[in-house]
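Below is structure.cif, which holds mmCIF, C-alpha atoms and all ligand atoms.
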```
data_protein
loop_
_atom_site.label_atom_id
_atom_site.label_comp_id
_atom_site.auth_asym_id
_atom_site.auth_seq_id
_atom_site.Cartn_x
_atom_site.Cartn_y
_atom_site.Cartn_z
CA MET A 1234 118.64 359.81 185.15
CA ALA A 1235 119.78 363.30 186.01
CA ASN A 1236 117.39 364.82 183.47
CA LYS A 1237 114.42 363.26 185.16
CA ASP A 1238 115.35 364.97 188.42
CA LEU A 1239 115.49 368.31 186.70
CA THR A 1240 111.88 368.12 185.68
CA LEU A 1241 110.71 367.47 189.23
CA LYS A 1242 108.63 370.32 190.57
CA THR A 1243 110.22 371.77 193.66
CA GLU A 1244 108.20 372.35 196.82
CA PRO A 1245 106.76 375.85 197.01
CA VAL A 1246 109.45 377.85 198.76
CA ARG A 1247 109.00 381.32 200.20
CA CYS A 1248 111.78 383.74 200.72
CA LEU A 1249 112.45 387.36 201.63
CA MET A 1250 114.44 389.89 199.64
CA CYS A 1251 114.94 393.63 200.01
CA PRO A 1252 115.42 395.88 196.95
CA PRO A 1253 118.85 397.57 196.76
CA ASP A 1254 117.54 401.17 196.66
CA TYR A 1255 119.97 402.36 199.33
CA PHE A 1256 122.64 399.69 198.92
CA GLY A 1257 126.26 400.87 198.89
CA VAL A 1258 129.60 400.48 200.62
CA GLU A 1259 129.30 403.10 203.35
CA TYR A 1260 131.44 401.47 206.03
CA GLU A 1261 133.98 398.65 206.19
CA ILE A 1262 133.17 395.68 208.37
CA ASN A 1263 134.69 392.86 206.31
CA PRO A 1264 137.75 392.67 204.03
CA TRP A 1265 135.65 392.95 200.86
CA MET A 1266 134.38 396.40 201.77
CA ASP A 1267 136.46 399.37 200.70
CA ARG A 1268 134.72 402.73 200.49
CA ARG A 1269 137.00 403.63 197.59
CA ARG A 1270 135.46 400.80 195.53
CA GLN A 1271 131.96 402.11 195.13
CA VAL A 1272 128.96 400.22 193.88
CA ASP A 1273 127.57 400.91 190.41
CA LYS A 1274 123.98 401.45 191.55
CA ASP A 1275 122.32 400.72 188.20
CA LYS A 1276 124.30 397.58 187.79
CA ALA A 1277 123.48 396.48 191.35
CA SER A 1278 119.84 397.07 190.64
CA ARG A 1279 119.98 395.00 187.42
CA GLN A 1280 121.83 392.19 189.21
CA TRP A 1281 119.27 392.18 192.03
CA ASP A 1282 116.37 392.18 189.52
CA ALA A 1283 117.90 389.22 187.69
CA LEU A 1284 118.04 387.24 190.93
CA TYR A 1285 114.47 388.21 191.78
CA LYS A 1286 113.32 387.08 188.36
CA VAL A 1287 115.11 383.72 188.45
CA LEU A 1288 113.68 382.97 191.89
CA SER A 1289 110.13 384.16 191.31
CA GLN A 1290 109.63 383.25 187.65
CA ASP A 1291 112.08 380.54 186.58
CA ILE A 1292 112.06 378.61 189.86
CA GLY A 1293 108.60 379.66 190.99
CA ALA A 1294 109.50 380.64 194.55
CA GLY A 1295 107.28 383.10 196.43
CA VAL A 1296 109.41 386.17 197.03
CA GLU A 1297 108.31 388.62 199.73
CA LEU A 1298 109.81 392.07 199.78
CA ALA A 1299 111.04 394.11 202.74
CA THR A 1300 111.09 397.91 202.49
CA PRO A 1301 114.53 399.43 201.88
CA ASN A 1302 115.66 402.08 204.31
CA LEU A 1303 117.91 405.07 203.70
CA GLY A 1304 121.02 404.77 205.86
CA LEU A 1305 120.88 400.97 206.08
CA PRO A 1306 122.94 399.94 203.04
CA ASP A 1307 123.28 396.28 204.06
CA LEU A 1308 119.54 395.72 204.53
CA VAL A 1309 119.64 394.01 201.11
CA PHE A 1310 121.39 391.08 202.81
CA THR A 1311 118.19 389.61 204.22
CA ALA A 1312 119.88 386.29 205.07
CA ASN A 1313 121.12 388.07 208.17
CA ALA A 1314 117.68 389.18 209.38
CA GLY A 1315 117.36 386.13 211.59
CA LEU A 1316 116.79 382.40 211.42
CA VAL A 1317 113.29 381.34 210.51
CA VAL A 1318 111.84 378.00 211.45
CA GLY A 1319 108.14 377.58 210.75
CA GLN A 1320 106.41 380.62 212.24
CA THR A 1321 109.22 381.42 214.65
CA ALA A 1322 112.08 383.80 213.92
CA ILE A 1323 115.21 383.84 216.03
CA ALA A 1324 116.25 387.48 215.85
CA SER A 1325 119.76 388.39 214.80
CA ARG A 1326 121.95 390.41 217.10
CA PHE A 1327 124.61 391.86 214.87
CA ARG A 1328 128.27 392.05 215.84
CA HIS A 1329 128.83 395.51 214.33
CA PRO A 1330 126.88 398.61 215.41
CA GLU A 1331 126.54 399.57 211.71
CA ARG A 1332 124.34 396.54 211.14
CA ALA A 1333 122.75 396.43 214.59
CA ARG A 1334 120.78 399.46 213.36
CA GLU A 1335 118.86 397.04 211.12
CA GLU A 1336 117.46 395.08 214.05
CA PRO A 1337 114.29 397.17 214.59
CA ASN A 1338 113.47 396.90 210.87
CA TRP A 1339 113.72 393.14 210.91
CA ARG A 1340 111.78 392.89 214.11
CA SER A 1341 108.92 394.94 212.62
CA TRP A 1342 108.94 392.88 209.45
CA PHE A 1343 108.75 389.59 211.33
CA GLU A 1344 106.05 390.86 213.67
CA ALA A 1345 103.95 392.36 210.88
CA ASN A 1346 104.13 389.05 209.06
CA GLY A 1347 102.91 387.01 212.00
CA TYR A 1348 106.18 385.47 213.19
CA LYS A 1349 106.79 384.72 216.83
CA MET A 1350 110.10 386.30 217.77
CA PHE A 1351 112.72 384.68 219.88
CA HIS A 1352 115.58 386.78 221.29
CA LEU A 1353 118.90 385.35 222.41
CA PRO A 1354 120.55 386.75 225.59
CA ASP A 1355 121.84 390.32 225.15
CA ASN A 1356 125.49 389.51 225.37
CA LEU A 1357 125.49 387.11 222.40
CA HIS A 1358 125.98 387.90 218.73
CA PHE A 1359 124.10 385.98 216.11
CA GLU A 1360 123.72 386.73 212.39
CA GLY A 1361 120.84 384.48 211.37
CA GLN A 1362 120.89 382.39 208.23
CA GLY A 1363 124.33 383.74 207.46
CA ASP A 1364 125.75 381.48 210.17
CA VAL A 1365 123.27 378.68 210.82
CA LEU A 1366 122.33 376.39 207.94
CA ALA A 1367 120.26 373.23 207.87
CA PHE A 1368 121.94 370.20 206.40
CA GLY A 1369 119.41 367.36 206.23
CA ASP A 1370 118.30 366.77 209.82
CA VAL A 1371 121.19 368.58 211.46
CA LEU A 1372 122.31 372.17 211.68
CA MET A 1373 125.72 373.57 210.83
CA GLY A 1374 126.71 376.67 212.79
CA GLY A 1375 129.59 378.98 211.88
CA TYR A 1376 131.23 381.13 214.55
CA GLY A 1377 134.28 383.27 215.10
CA PHE A 1378 133.83 386.46 213.08
CA ARG A 1379 130.16 387.32 213.55
CA SER A 1380 128.10 384.81 215.54
CA ASP A 1381 129.37 383.55 218.88
CA LEU A 1382 129.90 379.85 219.53
CA GLU A 1383 127.54 380.05 222.49
CA ALA A 1384 124.86 381.66 220.31
CA VAL A 1385 124.92 378.98 217.61
CA ARG A 1386 124.92 376.26 220.30
CA LEU A 1387 121.89 377.88 221.90
CA VAL A 1388 120.09 377.98 218.55
CA GLY A 1389 120.65 374.23 218.17
CA ASP A 1390 119.25 373.64 221.67
CA LEU A 1391 116.24 375.86 221.04
CA LEU A 1392 115.40 374.06 217.84
CA LYS A 1393 116.15 370.71 219.45
CA LYS A 1394 118.49 369.80 216.64
CA LYS A 1395 121.98 368.43 216.62
CA LEU A 1396 124.24 371.34 215.70
CA PHE A 1397 127.79 370.96 214.45
CA ALA A 1398 129.77 374.10 215.27
CA LEU A 1399 132.40 375.15 212.75
CA GLU A 1400 134.99 377.77 213.56
CA LEU A 1401 135.64 380.23 210.73
CA VAL A 1402 139.26 381.31 210.37
CA ASP A 1403 139.59 383.26 207.09
CA PRO A 1404 138.27 386.85 207.42
CA TRP A 1405 137.23 386.86 203.74
CA PHE A 1406 134.76 384.09 204.64
CA TYR A 1407 133.27 385.58 207.77
CA HIS A 1408 129.81 383.97 207.60
CA LEU A 1409 129.22 380.24 207.21
CA ASP A 1410 127.13 380.82 204.08
CA THR A 1411 130.17 382.29 202.31
CA CYS A 1412 132.12 379.02 202.51
CA PHE A 1413 129.61 376.19 203.02
CA CYS A 1414 126.55 375.51 200.92
CA PRO A 1415 124.26 372.56 201.68
CA LEU A 1416 122.66 371.02 198.59
CA ASN A 1417 119.66 368.77 198.65
CA GLY A 1418 120.62 365.12 198.35
CA GLY A 1419 123.60 364.84 200.72
CA ALA A 1420 126.04 367.05 198.85
CA ALA A 1421 127.51 370.39 199.93
CA LEU A 1422 129.89 372.86 198.35
CA TYR A 1423 132.63 373.98 200.70
CA TYR A 1424 135.88 375.89 200.76
CA PRO A 1425 138.33 374.08 203.07
CA GLY A 1426 140.54 377.17 203.55
CA ALA A 1427 137.82 378.88 205.59
CA PHE A 1428 137.85 376.21 208.31
CA THR A 1429 140.19 374.74 210.90
CA GLU A 1430 141.56 371.24 210.42
CA ALA A 1431 138.97 370.01 212.93
CA GLY A 1432 136.20 371.77 211.00
CA ARG A 1433 137.31 370.22 207.72
CA ARG A 1434 137.32 366.78 209.32
CA LEU A 1435 133.85 367.39 210.72
CA ILE A 1436 132.50 368.43 207.32
CA GLU A 1437 134.09 365.44 205.59
CA ALA A 1438 132.55 363.18 208.25
CA CYS A 1439 129.00 364.65 208.18
CA VAL A 1440 128.59 365.35 204.50
CA PRO A 1441 128.20 362.23 202.34
CA ASP A 1442 129.20 364.07 199.16
CA PRO A 1443 131.42 367.07 199.92
CA ILE A 1444 132.32 369.14 196.87
CA VAL A 1445 135.57 371.00 197.44
CA VAL A 1446 135.70 374.47 195.93
CA ASP A 1447 139.08 376.00 195.11
CA ARG A 1448 140.32 379.36 196.34
CA GLU A 1449 139.53 381.23 193.15
CA GLU A 1450 135.93 380.07 192.84
CA ALA A 1451 135.44 380.48 196.59
CA HIS A 1452 136.45 384.13 196.14
CA HIS A 1453 133.71 384.45 193.54
CA PHE A 1454 131.38 383.37 196.35
CA VAL A 1455 130.22 380.16 194.69
CA CYS A 1456 129.51 378.72 198.15
CA ASN A 1457 127.03 381.57 198.57
CA SER A 1458 124.52 379.96 196.23
CA VAL A 1459 120.76 379.81 196.71
CA VAL A 1460 119.48 376.24 196.69
CA ILE A 1461 115.81 375.51 196.03
CA GLY A 1462 115.02 371.88 195.34
CA ARG A 1463 117.35 370.86 192.51
CA ASN A 1464 117.92 374.49 191.49
CA VAL A 1465 121.14 376.24 192.36
CA VAL A 1466 121.46 379.97 191.73
CA MET A 1467 125.17 380.69 191.69
CA SER A 1468 127.81 383.26 190.75
CA CYS A 1469 129.13 383.21 187.22
CA ASN A 1470 132.84 382.53 186.54
CA CYS A 1471 132.87 379.31 188.54
CA PRO A 1472 133.10 376.63 185.83
CA LYS A 1473 134.55 373.92 188.06
CA ALA A 1474 131.80 374.08 190.66
CA ARG A 1475 129.19 374.40 187.91
CA GLU A 1476 130.45 371.20 186.31
CA GLU A 1477 130.35 369.35 189.66
CA LEU A 1478 126.76 370.48 190.17
CA GLN A 1479 125.61 369.68 186.66
CA THR A 1480 127.04 366.16 186.69
CA ARG A 1481 125.01 365.57 189.85
CA GLY A 1482 121.83 366.69 188.08
CA TYR A 1483 121.38 370.14 189.60
CA GLN A 1484 119.78 372.84 187.47
CA VAL A 1485 122.30 375.67 187.58
CA HIS A 1486 121.34 379.35 187.13
CA GLU A 1487 124.40 381.56 186.76
CA LEU A 1488 124.24 385.25 187.56
CA ASP A 1489 126.67 388.09 188.13
CA PHE A 1490 126.85 389.52 191.66
CA SER A 1491 129.90 391.77 191.17
CA GLU A 1492 128.32 394.80 192.86
CA PHE A 1493 127.21 392.88 195.94
CA LEU A 1494 130.61 391.22 196.23
CA LYS A 1495 132.02 394.69 196.89
CA ALA A 1496 130.12 394.53 200.19
CA GLY A 1497 131.04 390.89 200.84
CA GLY A 1498 127.74 389.41 199.68
CA GLY A 1499 126.47 387.10 196.95
CA ALA A 1500 123.26 385.35 195.91
CA LYS A 1501 122.51 383.63 199.19
CA CYS A 1502 123.14 386.72 201.32
CA LEU A 1503 120.39 388.48 199.36
CA VAL A 1504 117.78 385.86 200.24
CA LEU A 1505 116.25 384.71 203.51
CA ILE A 1506 114.52 381.38 203.13
CA LEU A 1507 111.28 381.55 205.11
N1 LIG A 1601 128.28 393.82 204.23
C1 LIG A 1601 127.57 392.78 204.88
C2 LIG A 1601 128.23 392.44 206.20
O1 LIG A 1601 129.43 392.54 206.29
C3 LIG A 1601 127.48 391.56 204.01
C4 LIG A 1601 126.59 390.48 204.57
C5 LIG A 1601 126.65 389.20 203.80
N2 LIG A 1601 125.68 388.28 204.25
C6 LIG A 1601 125.82 386.96 204.34
N3 LIG A 1601 124.79 386.24 204.65
N4 LIG A 1601 126.98 386.36 204.19
O2 LIG A 1601 127.60 392.10 207.17
#
```
As structure tokens, what does this structure read like?
Amino acid sequence: MANKDLTLKTEPVRCLMCPPDYFGVEYEINPWMDRRRQVDKDKASRQWDALYKVLSQDIGAGVELATPNLGLPDLVFTANAGLVVGQTAIASRFRHPERAREEPNWRSWFEANGYKMFHLPDNLHFEGQGDVLAFGDVLMGGYGFRSDLEAVRLVGDLLKKKLFALELVDPWFYHLDTCFCPLNGGAALYYPGAFTEAGRRLIEACVPDPIVVDREEAHHFVCNSVVIGRNVVMSCNCPKAREELQTRGYQVHELDFSEFLKAGGGAKCLVLIL
């Protein structure tokens, strides 16, 4: 039964990536980042290429490319550019000045590609698809480290969707997409340690098939997987989560994201689903 699912063609999905030409750990805005642990640039480039190839060739997604920019090392993490719904993009307003410098780049990209921009009030922080994720008909919004509670609530109102707000409490899992990963078909990977007791209860109540990830695999960023149809592109070294996914019929693509982890990012951070 599972095998049949795997042969199903997925809907054409478009996404945005940005080549890692100027990627590096140049500042420290999350616990993963340590300027003494520098990125191996060639390796980063090979890891990024492997992701690009899996998405564009193996899965058949349309991958658009943003132009890298010297001095903006985290521009590779396109998931934080904003939140895209149809032809509208809700612009991100980054918490840290280091990343706020990316905002004009993202704005130009969205405008040049025909998106209508929506801007949240000035005083609110919002980090796009890093913190707001669709789960079936509802939205899940993470807040606490980067996006503000009020910002994710406002996004739910704007999109006229029910939004469940989840407070993030572990600084190693500072965006929702580092600890919660919606899968098609009612399942989701999640790392309980990143949430409050209330948040865990909420997830267990909303998600028909919650797949708990342990601390070790969570630290490999397995919850930061890219999901397209039945395909899941995930970090290697996470055999338990892989097994859970495979028994449910997902087609798993394992890749190494070691260099991006040094900046606190994994597969999903490198991709903005359009
Ligand atoms: N260094 C980046 C930051 O701290 C990593 C962003 C990861 N992105 C994500 N969607 N979780 O902002």
Determine, using all atoms listed in the file, which residues of chain A have any atom at most 6 Å from an atom of ligand LIG 1601 (chain A), and tabulate each with its shortest atom pair and distance in Å to one decimal place, rows ordered by chain and then rising number, as CSV.
```
residue,atom,partner,partner_atom,distance
A:Ile1262,CA,A:LIG1601,O1,5.3
A:Asn1263,CA,A:LIG1601,O1,5.3
A:Asp1307,CA,A:LIG1601,N1,5.6
A:Phe1310,CA,A:LIG1601,N2,5.3
A:Ala1312,CA,A:LIG1601,N3,4.9
A:Asn1313,CA,A:LIG1601,N3,5.4
A:Gly1363,CA,A:LIG1601,N3,3.8
A:His1408,CA,A:LIG1601,N4,5.0
A:Asp1410,CA,A:LIG1601,N4,5.5
A:Thr1411,CA,A:LIG1601,N4,5.5
A:Ala1496,CA,A:LIG1601,N1,4.5
A:Gly1497,CA,A:LIG1601,C3,4.8
A:Gly1498,CA,A:LIG1601,C5,4.3
A:Cys1502,CA,A:LIG1601,N3,3.7
```
Quiz item: Within 7 Å of segment 1373-1386 of chain A, counting all atoms listed in the file, which residues qualify if same-chain residues fewer than 6 places away don't, as a PyMOL selection string?
Solution: chain A and resi 1328+1357-1360+1364-1367+1396-1401+1407-1409
I need the residues from that last selection saved to file as a PDB file, in the frame of the given file (with C-alpha atoms), if you can.
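This went into out_1.pdb:
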```pdb
ATOM      1  CA  ARG A1328     128.270 392.050 215.840  1.00  0.00           C
ATOM      2  CA  LEU A1357     125.490 387.110 222.400  1.00  0.00           C
ATOM      3  CA  HIS A1358     125.980 387.900 218.730  1.00  0.00           C
ATOM      4  CA  PHE A1359     124.100 385.980 216.110  1.00  0.00           C
ATOM      5  CA  GLU A1360     123.720 386.730 212.390  1.00  0.00           C
ATOM      6  CA  ASP A1364     125.750 381.480 210.170  1.00  0.00           C
ATOM      7  CA  VAL A1365     123.270 378.680 210.820  1.00  0.00           C
ATOM      8  CA  LEU A1366     122.330 376.390 207.940  1.00  0.00           C
ATOM      9  CA  ALA A1367     120.260 373.230 207.870  1.00  0.00           C
ATOM     10  CA  LEU A1396     124.240 371.340 215.700  1.00  0.00           C
ATOM     11  CA  PHE A1397     127.790 370.960 214.450  1.00  0.00           C
ATOM     12  CA  ALA A1398     129.770 374.100 215.270  1.00  0.00           C
ATOM     13  CA  LEU A1399     132.400 375.150 212.750  1.00  0.00           C
ATOM     14  CA  GLU A1400     134.990 377.770 213.560  1.00  0.00           C
ATOM     15  CA  LEU A1401     135.640 380.230 210.730  1.00  0.00           C
ATOM     16  CA  TYR A1407     133.270 385.580 207.770  1.00  0.00           C
ATOM     17  CA  HIS A1408     129.810 383.970 207.600  1.00  0.00           C
ATOM     18  CA  LEU A1409     129.220 380.240 207.210  1.00  0.00           C
TER      19      LEU A1409
END
```
Exercise. For each of A:Ala1322, A:Trp1281, A:Val1446, A:Glu1430, take the minimum atom-to-atom distance to Glu1477 of chain A, counting all atoms listed in the file, then give the residue where this is smallest.
Key: A:Val1446
Exercise. Fewer than 6 positions away in the same chain doesn't count, so skip those; otherwise give me all residues within 12 Å of Leu1503 of chain A, counting all atoms listed in the file, as a PyMOL selection string.
Key: chain A and resi 1248-1253+1256+1277+1280-1285+1288+1296+1298-1299+1307-1314+1362-1363+1410-1411+1457-1459+1466-1467+1490+1493-1494+1496-1497
Quiz item: Restricting the calculation to all atoms listed in the file, which member of A:Ala1438, A:Val1388, A:Ala1427, A:Ala1324 is positioned closest to Trp1342 of chain A?
Solution: A:Ala1324
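Atom pair atom CA of Lys1393 of chain A / atom CA of His1352 of chain A: separated by 16.2 Å.
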Quiz prompt | Surrounding residues of Lys1274 of chain A excluding itself and chain neighbours under 2 positions, 9 Å, all atoms listed in the file, as a list in words | solution = Pro1253, Asp1254, Tyr1255, Phe1256, Gly1257, Gln1271, Val1272, Lys1276, Ala1277, Ser1278, Arg1279 and Glu1492 of chain A
Just need the box for segment 1286-1302 of chain A, edges along x, y and z, holding every atom the file lists for it with 4 Å tacked onto each side, so centre and edge lengths in Å to one decimal, as AutoDock Vina command-line options.
```
--center_x 111.5 --center_y 390.3 --center_z 195.4 --size_x 16.4 --size_y 31.5 --size_z 25.7
```
Exercise. Please indicate the distance in Å from atom CA of Ser1468 of chain A to atom CA of Ser1325 of chain A, rounded to one decimal place.
Key: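 Distance between the two atoms: 25.9 Å.
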Exercise. Could you jot down the atom CA of Ala1474 of chain A to atom CA of Asp1267 of chain A separation for me, Å, one decimal place?
Key: 27.6 Å
Practice problem: Considering all atoms listed in the file, state which residue in the set A:Val1440, A:Val1465, A:Val1504, A:Ile1323 is at the smallest distance from Leu1391 of chain A. | Solution: A:Ile1323
Quiz item: Looking at all atoms listed in the file, which of A:Ile1292, A:Cys1456, A:Leu1303, A:Tyr1424 is the one that sits closest to Gln1484 of chain A?
Solution: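 Nearest candidate to Gln1484 of chain A out of A:Ile1292, A:Cys1456, A:Leu1303, A:Tyr1424: A:Ile1292.
Among the candidates A:Glu1336, A:Glu1344, A:Glu1261, A:Glu1297, the residue lying nearest to Gln1320 of chain A is A:Glu1344 (atoms considered: all atoms listed in the file).
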Exercise. Please tell me which residues are no farther than 10 Å from (103.5, 379.8, 200.8) in the file, counting only C-alpha atoms, and write them as a list in words.
Key: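 Applying the cut-off with only C-alpha atoms, one gets Glu1244, Pro1245, Val1246, Arg1247, Cys1248, Ala1294, Gly1295, Val1296 and Leu1507 of chain A.
Taking only C-alpha atoms into account, Gly1369 of chain A lies nearest to A:Asn1417 out of the set A:Asn1417, A:Glu1335, A:Val1402, A:Phe1327.
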Output segment 1330-1351 of chain A with N, CA, C and O atoms present, as a PDB file, in the coordinates of the input.
```
ATOM      1  N   PRO A1330     127.940 397.606 215.196  1.00  0.00           N
ATOM      2  CA  PRO A1330     126.880 398.610 215.410  1.00  0.00           C
ATOM      3  C   PRO A1330     126.265 399.074 214.090  1.00  0.00           C
ATOM      4  O   PRO A1330     125.066 399.373 214.039  1.00  0.00           O
ATOM      5  N   GLU A1331     127.061 399.126 213.015  1.00  0.00           N
ATOM      6  CA  GLU A1331     126.540 399.570 211.710  1.00  0.00           C
ATOM      7  C   GLU A1331     125.360 398.707 211.273  1.00  0.00           C
ATOM      8  O   GLU A1331     124.404 399.213 210.678  1.00  0.00           O
ATOM      9  N   ARG A1332     125.439 397.421 211.545  1.00  0.00           N
ATOM     10  CA  ARG A1332     124.340 396.540 211.140  1.00  0.00           C
ATOM     11  C   ARG A1332     123.317 396.332 212.254  1.00  0.00           C
ATOM     12  O   ARG A1332     122.160 395.978 211.974  1.00  0.00           O
ATOM     13  N   ALA A1333     123.713 396.569 213.486  1.00  0.00           N
ATOM     14  CA  ALA A1333     122.750 396.430 214.590  1.00  0.00           C
ATOM     15  C   ALA A1333     121.594 397.397 214.386  1.00  0.00           C
ATOM     16  O   ALA A1333     120.476 397.156 214.845  1.00  0.00           O
ATOM     17  N   ARG A1334     121.848 398.484 213.641  1.00  0.00           N
ATOM     18  CA  ARG A1334     120.780 399.460 213.360  1.00  0.00           C
ATOM     19  C   ARG A1334     119.658 398.862 212.515  1.00  0.00           C
ATOM     20  O   ARG A1334     118.585 399.432 212.391  1.00  0.00           O
ATOM     21  N   GLU A1335     119.913 397.700 211.908  1.00  0.00           N
ATOM     22  CA  GLU A1335     118.860 397.040 211.120  1.00  0.00           C
ATOM     23  C   GLU A1335     117.869 396.279 212.001  1.00  0.00           C
ATOM     24  O   GLU A1335     116.770 395.936 211.552  1.00  0.00           O
ATOM     25  N   GLU A1336     118.273 395.990 213.227  1.00  0.00           N
ATOM     26  CA  GLU A1336     117.460 395.080 214.050  1.00  0.00           C
ATOM     27  C   GLU A1336     115.997 395.490 214.207  1.00  0.00           C
ATOM     28  O   GLU A1336     115.114 394.648 214.041  1.00  0.00           O
ATOM     29  N   PRO A1337     115.710 396.786 214.471  1.00  0.00           N
ATOM     30  CA  PRO A1337     114.290 397.170 214.590  1.00  0.00           C
ATOM     31  C   PRO A1337     113.503 396.933 213.303  1.00  0.00           C
ATOM     32  O   PRO A1337     112.325 396.548 213.350  1.00  0.00           O
ATOM     33  N   ASN A1338     114.159 397.143 212.153  1.00  0.00           N
ATOM     34  CA  ASN A1338     113.470 396.900 210.870  1.00  0.00           C
ATOM     35  C   ASN A1338     113.064 395.437 210.740  1.00  0.00           C
ATOM     36  O   ASN A1338     111.941 395.125 210.345  1.00  0.00           O
ATOM     37  N   TRP A1339     114.014 394.567 211.060  1.00  0.00           N
ATOM     38  CA  TRP A1339     113.720 393.140 210.910  1.00  0.00           C
ATOM     39  C   TRP A1339     112.656 392.694 211.902  1.00  0.00           C
ATOM     40  O   TRP A1339     111.767 391.918 211.579  1.00  0.00           O
ATOM     41  N   ARG A1340     112.765 393.250 213.102  1.00  0.00           N
ATOM     42  CA  ARG A1340     111.780 392.890 214.110  1.00  0.00           C
ATOM     43  C   ARG A1340     110.374 393.281 213.625  1.00  0.00           C
ATOM     44  O   ARG A1340     109.439 392.482 213.695  1.00  0.00           O
ATOM     45  N   SER A1341     110.236 394.507 213.106  1.00  0.00           N
ATOM     46  CA  SER A1341     108.920 394.940 212.620  1.00  0.00           C
ATOM     47  C   SER A1341     108.454 394.059 211.480  1.00  0.00           C
ATOM     48  O   SER A1341     107.270 393.724 211.390  1.00  0.00           O
ATOM     49  N   TRP A1342     109.376 393.712 210.586  1.00  0.00           N
ATOM     50  CA  TRP A1342     108.940 392.880 209.450  1.00  0.00           C
ATOM     51  C   TRP A1342     108.417 391.533 209.952  1.00  0.00           C
ATOM     52  O   TRP A1342     107.334 391.095 209.554  1.00  0.00           O
ATOM     53  N   PHE A1343     109.170 390.912 210.840  1.00  0.00           N
ATOM     54  CA  PHE A1343     108.750 389.590 211.330  1.00  0.00           C
ATOM     55  C   PHE A1343     107.405 389.699 212.062  1.00  0.00           C
ATOM     56  O   PHE A1343     106.504 388.900 211.854  1.00  0.00           O
ATOM     57  N   GLU A1344     107.280 390.723 212.910  1.00  0.00           N
ATOM     58  CA  GLU A1344     106.050 390.860 213.670  1.00  0.00           C
ATOM     59  C   GLU A1344     104.851 391.138 212.759  1.00  0.00           C
ATOM     60  O   GLU A1344     103.800 390.534 212.891  1.00  0.00           O
ATOM     61  N   ALA A1345     105.049 392.028 211.806  1.00  0.00           N
ATOM     62  CA  ALA A1345     103.950 392.360 210.880  1.00  0.00           C
ATOM     63  C   ALA A1345     103.541 391.160 210.040  1.00  0.00           C
ATOM     64  O   ALA A1345     102.413 391.097 209.542  1.00  0.00           O
ATOM     65  N   ASN A1346     104.456 390.213 209.873  1.00  0.00           N
ATOM     66  CA  ASN A1346     104.130 389.050 209.060  1.00  0.00           C
ATOM     67  C   ASN A1346     103.781 387.822 209.895  1.00  0.00           C
ATOM     68  O   ASN A1346     103.805 386.683 209.390  1.00  0.00           O
ATOM     69  N   GLY A1347     103.463 388.070 211.156  1.00  0.00           N
ATOM     70  CA  GLY A1347     102.910 387.010 212.000  1.00  0.00           C
ATOM     71  C   GLY A1347     103.914 386.018 212.571  1.00  0.00           C
ATOM     72  O   GLY A1347     103.536 384.937 213.022  1.00  0.00           O
ATOM     73  N   TYR A1348     105.198 386.387 212.604  1.00  0.00           N
ATOM     74  CA  TYR A1348     106.180 385.470 213.190  1.00  0.00           C
ATOM     75  C   TYR A1348     106.289 385.709 214.682  1.00  0.00           C
ATOM     76  O   TYR A1348     106.166 386.841 215.150  1.00  0.00           O
ATOM     77  N   LYS A1349     106.511 384.624 215.407  1.00  0.00           N
ATOM     78  CA  LYS A1349     106.790 384.720 216.830  1.00  0.00           C
ATOM     79  C   LYS A1349     108.288 384.954 216.941  1.00  0.00           C
ATOM     80  O   LYS A1349     109.070 384.235 216.323  1.00  0.00           O
ATOM     81  N   MET A1350     108.678 385.988 217.692  1.00  0.00           N
ATOM     82  CA  MET A1350     110.100 386.300 217.770  1.00  0.00           C
ATOM     83  C   MET A1350     110.745 385.634 218.970  1.00  0.00           C
ATOM     84  O   MET A1350     110.163 385.608 220.055  1.00  0.00           O
ATOM     85  N   PHE A1351     111.941 385.166 218.762  1.00  0.00           N
ATOM     86  CA  PHE A1351     112.720 384.680 219.880  1.00  0.00           C
ATOM     87  C   PHE A1351     114.014 385.487 219.954  1.00  0.00           C
ATOM     88  O   PHE A1351     114.673 385.670 218.935  1.00  0.00           O
TER      89      PHE A1351
END
```
